[in-house]
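See structure below.
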Amino acid sequence: MKTSVAASEMALPDSRAVSRLDLNLLVQFLEIVNSGSISRAAVRLRVPKATLSRKLRQLEDQVGAVLLKRGPHRIEVTEIGRALHTHCERIAAIAMDASQITSEMQSAVRGTIRIALPFGLANTWLSRGLVQFARRYPEVRISVHVSNRWVDVSEEPYDVAIHIGRIRNQNLPVRRLAVLSRGLFAAPQYCAQKGMPQIATDLLAHDCIAIEAQINDELWRVANSAGDLVAVTPRMTTTDIILAHEMALAGAGIAMLTHVLSEQDVRAGRLVPVLPKHVLPPVAISAVYLERRYLPLRIRAFIDLLAEVMAEAAPPAASTVPTRE
């Protein structure tokens, strides 16, 4: 009785060995069985017959059982071999489904796109771009997160992030969407009450509304008569350019705004340019994404559409800001 039990146990595959089965060996075994011979399988797989025979013996060693009985003219699949063949067919079907799904996701505009937007752009041309994208690609699900902080797509679950100004992670691919010129603007009632600055150092005595990123980039500095740069102390600081725009419209002070954001207010007389000859560097609007080689079509389509919308909404501005694609 003991001999019978021991023999039975020896015929069973080692569960630890099965858990370490080589998937490549399983694919080769499936091809051998489906071809009906090692020779035909070797031709289909484009490997030497001897190599394929050695791989089959390697799989049998891993399983701990004979899978095929080799005859002079044909092979016969053992019971364990038939059971393993059934599982190999399932693995092959799953792999094919996975390949088809990933191929479709890469070659068709569908799936989910997760977008991070900065405050100040969500309600401008960017919202129009999102509307156009949603209408043009109805099979794409869109998830939008609006934040006033830097979003790193290599560390957070976003497919693309739109950023204003400096790109902090230089290792990520960047698509520059636009370069916007900037100026200083104030409401007519503010200028009537506080006076119109005539030279840059006059800003030191005015109520200024500054974006924190502008302060960090040292844009609120002016040269005094000795040629030294002096920092303007703003009356108000914020992380949101839309809030700075609204405060300027309300007459709270002088704000540094893009021309595309303020041009309608200037035409309507709600804002006036301040120190129009004072040169300010333009600001880049960029799309940052994770991978340039295998960029899914839905992400590429979204970025391309934003570039189109931005080209229509804003005139080009001279800049040396690089694009990394």
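Each chain in the structure tokens gets a letter, A, B and so on, in the order shown; residues start at 1 in every chain, and ligands are counted from 1 in the order they appear.
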
Please report, as a compact mmCIF listing (two decimals) with N, CA and C atoms, in the first residue's frame, each residue of region 173-286 of chain A to which DSSP assigns helix (DSSP H, G or I) when run on this structure's backbone.
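Output below, filename result_9.txt:
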# COMPACT_ATOMS: atom_id res chain seq x y z
N PRO A 188 -8.60 101.79 -14.77
CA PRO A 188 -8.52 103.26 -14.87
C PRO A 188 -8.76 103.96 -13.54
N GLN A 189 -9.68 103.42 -12.72
CA GLN A 189 -9.97 104.08 -11.44
C GLN A 189 -8.77 104.01 -10.49
N TYR A 190 -7.99 102.94 -10.58
CA TYR A 190 -6.80 102.86 -9.74
C TYR A 190 -5.79 103.93 -10.16
N CYS A 191 -5.57 104.04 -11.48
CA CYS A 191 -4.61 105.02 -11.98
C CYS A 191 -5.05 106.44 -11.67
N ALA A 192 -6.36 106.68 -11.71
CA ALA A 192 -6.87 108.01 -11.39
C ALA A 192 -6.64 108.34 -9.92
N GLN A 193 -6.70 107.34 -9.07
CA GLN A 193 -6.54 107.56 -7.63
C GLN A 193 -5.08 107.59 -7.21
N LYS A 194 -4.27 106.64 -7.74
CA LYS A 194 -2.87 106.50 -7.29
C LYS A 194 -1.87 107.08 -8.27
N ALA A 200 9.99 102.31 -14.04
CA ALA A 200 9.82 101.03 -13.33
C ALA A 200 9.93 101.19 -11.82
N THR A 201 10.83 102.07 -11.35
CA THR A 201 10.99 102.21 -9.90
C THR A 201 9.75 102.82 -9.22
N ASP A 202 8.87 103.43 -10.01
CA ASP A 202 7.63 103.94 -9.43
C ASP A 202 6.78 102.81 -8.85
N LEU A 203 6.98 101.59 -9.36
CA LEU A 203 6.20 100.44 -8.85
C LEU A 203 6.46 100.20 -7.36
N LEU A 204 7.61 100.64 -6.87
CA LEU A 204 7.94 100.44 -5.46
C LEU A 204 6.94 101.16 -4.54
N ALA A 205 6.29 102.20 -5.06
CA ALA A 205 5.35 102.97 -4.24
C ALA A 205 3.90 102.66 -4.59
N GLU A 212 2.70 84.19 -7.18
CA GLU A 212 3.85 83.66 -6.46
C GLU A 212 4.94 83.17 -7.40
N ALA A 213 4.54 82.55 -8.51
CA ALA A 213 5.53 82.07 -9.48
C ALA A 213 6.31 83.23 -10.09
N GLN A 214 5.66 84.39 -10.26
CA GLN A 214 6.34 85.57 -10.80
C GLN A 214 7.39 86.07 -9.80
N ILE A 215 7.06 86.01 -8.53
CA ILE A 215 8.02 86.42 -7.50
C ILE A 215 9.21 85.46 -7.49
N ASN A 216 8.92 84.15 -7.56
CA ASN A 216 9.99 83.14 -7.56
C ASN A 216 10.90 83.30 -8.77
N ILE A 241 -3.81 83.28 -11.40
CA ILE A 241 -3.76 84.46 -12.27
C ILE A 241 -5.14 85.04 -12.51
N ILE A 242 -6.18 84.21 -12.47
CA ILE A 242 -7.55 84.72 -12.65
C ILE A 242 -7.94 85.63 -11.49
N LEU A 243 -7.54 85.25 -10.29
CA LEU A 243 -7.82 86.11 -9.13
C LEU A 243 -7.06 87.42 -9.25
N ALA A 244 -5.81 87.36 -9.68
CA ALA A 244 -5.03 88.59 -9.88
C ALA A 244 -5.70 89.48 -10.93
N HIS A 245 -6.21 88.87 -11.98
CA HIS A 245 -6.93 89.60 -13.02
C HIS A 245 -8.17 90.27 -12.47
N GLU A 246 -8.94 89.54 -11.67
CA GLU A 246 -10.17 90.10 -11.09
C GLU A 246 -9.85 91.24 -10.12
N MET A 247 -8.78 91.09 -9.34
CA MET A 247 -8.42 92.16 -8.41
C MET A 247 -7.97 93.42 -9.15
N ALA A 248 -7.27 93.23 -10.27
CA ALA A 248 -6.87 94.39 -11.07
C ALA A 248 -8.10 95.08 -11.64
N LEU A 249 -9.06 94.31 -12.14
CA LEU A 249 -10.30 94.89 -12.67
C LEU A 249 -11.06 95.67 -11.60
N HIS A 259 -1.17 89.20 -22.28
CA HIS A 259 -1.98 90.04 -23.16
C HIS A 259 -3.24 89.32 -23.62
N VAL A 260 -3.15 88.00 -23.79
CA VAL A 260 -4.32 87.27 -24.25
C VAL A 260 -5.43 87.29 -23.21
N LEU A 261 -5.05 87.39 -21.93
CA LEU A 261 -6.05 87.42 -20.86
C LEU A 261 -6.63 88.83 -20.68
N SER A 262 -5.85 89.84 -20.99
CA SER A 262 -6.29 91.21 -20.68
C SER A 262 -6.72 92.03 -21.89
N GLU A 263 -6.52 91.51 -23.11
CA GLU A 263 -6.74 92.35 -24.30
C GLU A 263 -8.20 92.79 -24.44
N GLN A 264 -9.15 91.94 -24.13
CA GLN A 264 -10.56 92.34 -24.23
C GLN A 264 -10.90 93.44 -23.23
N ASP A 265 -10.32 93.35 -22.03
CA ASP A 265 -10.57 94.39 -21.02
C ASP A 265 -9.93 95.71 -21.43
N VAL A 266 -8.79 95.66 -22.09
CA VAL A 266 -8.14 96.90 -22.57
C VAL A 266 -9.00 97.55 -23.65
N ARG A 267 -9.51 96.72 -24.59
CA ARG A 267 -10.37 97.27 -25.64
C ARG A 267 -11.64 97.87 -25.08
N ALA A 268 -12.16 97.26 -24.00
CA ALA A 268 -13.41 97.76 -23.39
C ALA A 268 -13.17 98.89 -22.41

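Look at region 149-152 of chain A: the protein and nucleic acid residues within 9 Å of it, using only C-alpha atoms and passing over chain neighbours fewer than 4 places away, are Ala116, Leu117, Pro118, Phe119, Glu156, Pro157, Tyr158, Ala161, Ile162, His163, Ile167, Arg168, Asn169, Leu172, Thr239, Val288 and Tyr289 of chain A.
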
### Query
Excluding same-chain residues fewer than 4 positions from Leu219 (chain A), what lies within 12 Å of it counting only C-alpha atoms, as a PyMOL selection string?
chain A and resi 182-184+200+210-215+223+229-234+255-257+278-283

Write the residues of the preceding selection, restricted to N, CA and C atoms, as a CSV table (one decimal), in the first residue's frame.
chain,number,residue,atom,x,y,z
A,182,ARG,N,3.6,89.2,-22.0
A,182,ARG,CA,3.0,89.8,-20.7
A,182,ARG,C,3.2,91.3,-20.6
A,183,GLY,N,2.4,91.9,-19.8
A,183,GLY,CA,2.5,93.3,-19.5
A,183,GLY,C,1.9,93.6,-18.1
A,184,LEU,N,2.0,94.8,-17.7
A,184,LEU,CA,1.5,95.3,-16.5
A,184,LEU,C,0.2,96.1,-16.8
A,200,ALA,N,10.0,102.3,-14.0
A,200,ALA,CA,9.8,101.0,-13.3
A,200,ALA,C,9.9,101.2,-11.8
A,210,ALA,N,0.8,90.3,-7.2
A,210,ALA,CA,1.8,89.4,-7.8
A,210,ALA,C,1.4,88.0,-7.7
A,211,ILE,N,1.7,87.2,-8.7
A,211,ILE,CA,1.6,85.8,-8.7
A,211,ILE,C,2.9,85.2,-8.0
A,212,GLU,N,2.7,84.2,-7.2
A,212,GLU,CA,3.9,83.7,-6.5
A,212,GLU,C,4.9,83.2,-7.4
A,213,ALA,N,4.5,82.6,-8.5
A,213,ALA,CA,5.5,82.1,-9.5
A,213,ALA,C,6.3,83.2,-10.1
A,214,GLN,N,5.7,84.4,-10.3
A,214,GLN,CA,6.3,85.6,-10.8
A,214,GLN,C,7.4,86.1,-9.8
A,215,ILE,N,7.1,86.0,-8.5
A,215,ILE,CA,8.0,86.4,-7.5
A,215,ILE,C,9.2,85.5,-7.5
A,223,ALA,N,15.3,98.0,-11.5
A,223,ALA,CA,16.6,98.6,-11.3
A,223,ALA,C,16.5,100.0,-10.9
A,229,LEU,N,19.2,95.8,-8.6
A,229,LEU,CA,17.8,95.3,-8.6
A,229,LEU,C,17.2,95.3,-7.3
A,230,VAL,N,16.0,95.9,-7.2
A,230,VAL,CA,15.3,96.1,-6.0
A,230,VAL,C,13.9,95.3,-6.1
A,231,ALA,N,13.6,94.5,-5.1
A,231,ALA,CA,12.4,93.8,-5.1
A,231,ALA,C,11.2,94.6,-4.8
A,232,VAL,N,10.1,94.5,-5.6
A,232,VAL,CA,8.9,95.2,-5.3
A,232,VAL,C,8.1,94.4,-4.3
A,233,THR,N,7.6,95.1,-3.2
A,233,THR,CA,6.9,94.4,-2.2
A,233,THR,C,5.4,94.5,-2.6
A,234,PRO,N,4.8,93.4,-3.0
A,234,PRO,CA,3.4,93.5,-3.5
A,234,PRO,C,2.4,93.6,-2.3
A,255,ALA,N,-1.3,94.6,-11.9
A,255,ALA,CA,-1.1,93.1,-12.0
A,255,ALA,C,-0.3,92.9,-13.2
A,256,MET,N,0.5,91.8,-13.2
A,256,MET,CA,1.3,91.3,-14.3
A,256,MET,C,0.5,90.2,-15.0
A,257,LEU,N,-0.1,90.5,-16.2
A,257,LEU,CA,-1.0,89.6,-16.9
A,257,LEU,C,-0.5,89.3,-18.3
A,278,HIS,N,8.1,98.8,-20.6
A,278,HIS,CA,8.8,97.9,-19.7
A,278,HIS,C,8.8,96.5,-20.2
A,279,VAL,N,10.0,95.9,-20.5
A,279,VAL,CA,10.0,94.6,-21.2
A,279,VAL,C,9.9,93.5,-20.1
A,280,LEU,N,9.0,92.6,-20.3
A,280,LEU,CA,8.8,91.4,-19.5
A,280,LEU,C,9.0,90.2,-20.3
A,281,PRO,N,9.6,89.1,-19.8
A,281,PRO,CA,9.8,87.9,-20.5
A,281,PRO,C,8.5,87.2,-20.7
A,282,PRO,N,8.3,86.6,-21.9
A,282,PRO,CA,7.0,85.9,-22.1
A,282,PRO,C,6.9,84.6,-21.3
A,283,VAL,N,5.8,84.1,-21.1
A,283,VAL,CA,5.6,82.8,-20.3
A,283,VAL,C,5.1,81.7,-21.3

### Query
Quick one: distance from CA of Val47 (chain A) to CA of Glu79 (chain A) in Å, one decimal?
26.6 Å

### Task
From a DSSP pass on the backbone, collect the residues of region 20-141 of chain A flagged as strand (DSSP E) and hand them back as JSON, numbers by chain.
{"A": [68, 69, 70, 75, 76, 77, 111, 112, 113, 114, 115, 116, 117, 118, 140, 141]}

Would you save the residues of that selection, restricted to C-alpha atoms, as a PDB file, in the first residue's frame?
ATOM      1  CA  LEU A  68       4.511  13.783 -24.747  1.00  0.00           C
ATOM      2  CA  LYS A  69       5.279  10.227 -25.803  1.00  0.00           C
ATOM      3  CA  ARG A  70       7.598  10.414 -28.805  1.00  0.00           C
ATOM      4  CA  ILE A  75       3.690  12.072 -30.829  1.00  0.00           C
ATOM      5  CA  GLU A  76       1.056  11.212 -28.262  1.00  0.00           C
ATOM      6  CA  VAL A  77      -0.031  13.627 -25.558  1.00  0.00           C
ATOM      7  CA  GLY A 111     -10.120  54.921 -23.101  1.00  0.00           C
ATOM      8  CA  THR A 112      -9.618  57.308 -20.187  1.00  0.00           C
ATOM      9  CA  ILE A 113      -7.422  60.399 -20.117  1.00  0.00           C
ATOM     10  CA  ARG A 114      -6.460  61.946 -16.767  1.00  0.00           C
ATOM     11  CA  ILE A 115      -5.549  65.631 -17.045  1.00  0.00           C
ATOM     12  CA  ALA A 116      -4.072  68.047 -14.508  1.00  0.00           C
ATOM     13  CA  LEU A 117      -4.751  71.744 -15.143  1.00  0.00           C
ATOM     14  CA  PRO A 118      -3.499  74.859 -13.328  1.00  0.00           C
ATOM     15  CA  VAL A 140     -12.732  58.931 -24.471  1.00  0.00           C
ATOM     16  CA  ARG A 141     -13.587  59.351 -20.780  1.00  0.00           C
TER      17      ARG A 141
END

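Take CA of Ile299 (chain A) and CA of Ser127 (chain A): the distance between them is 16.3 Å.
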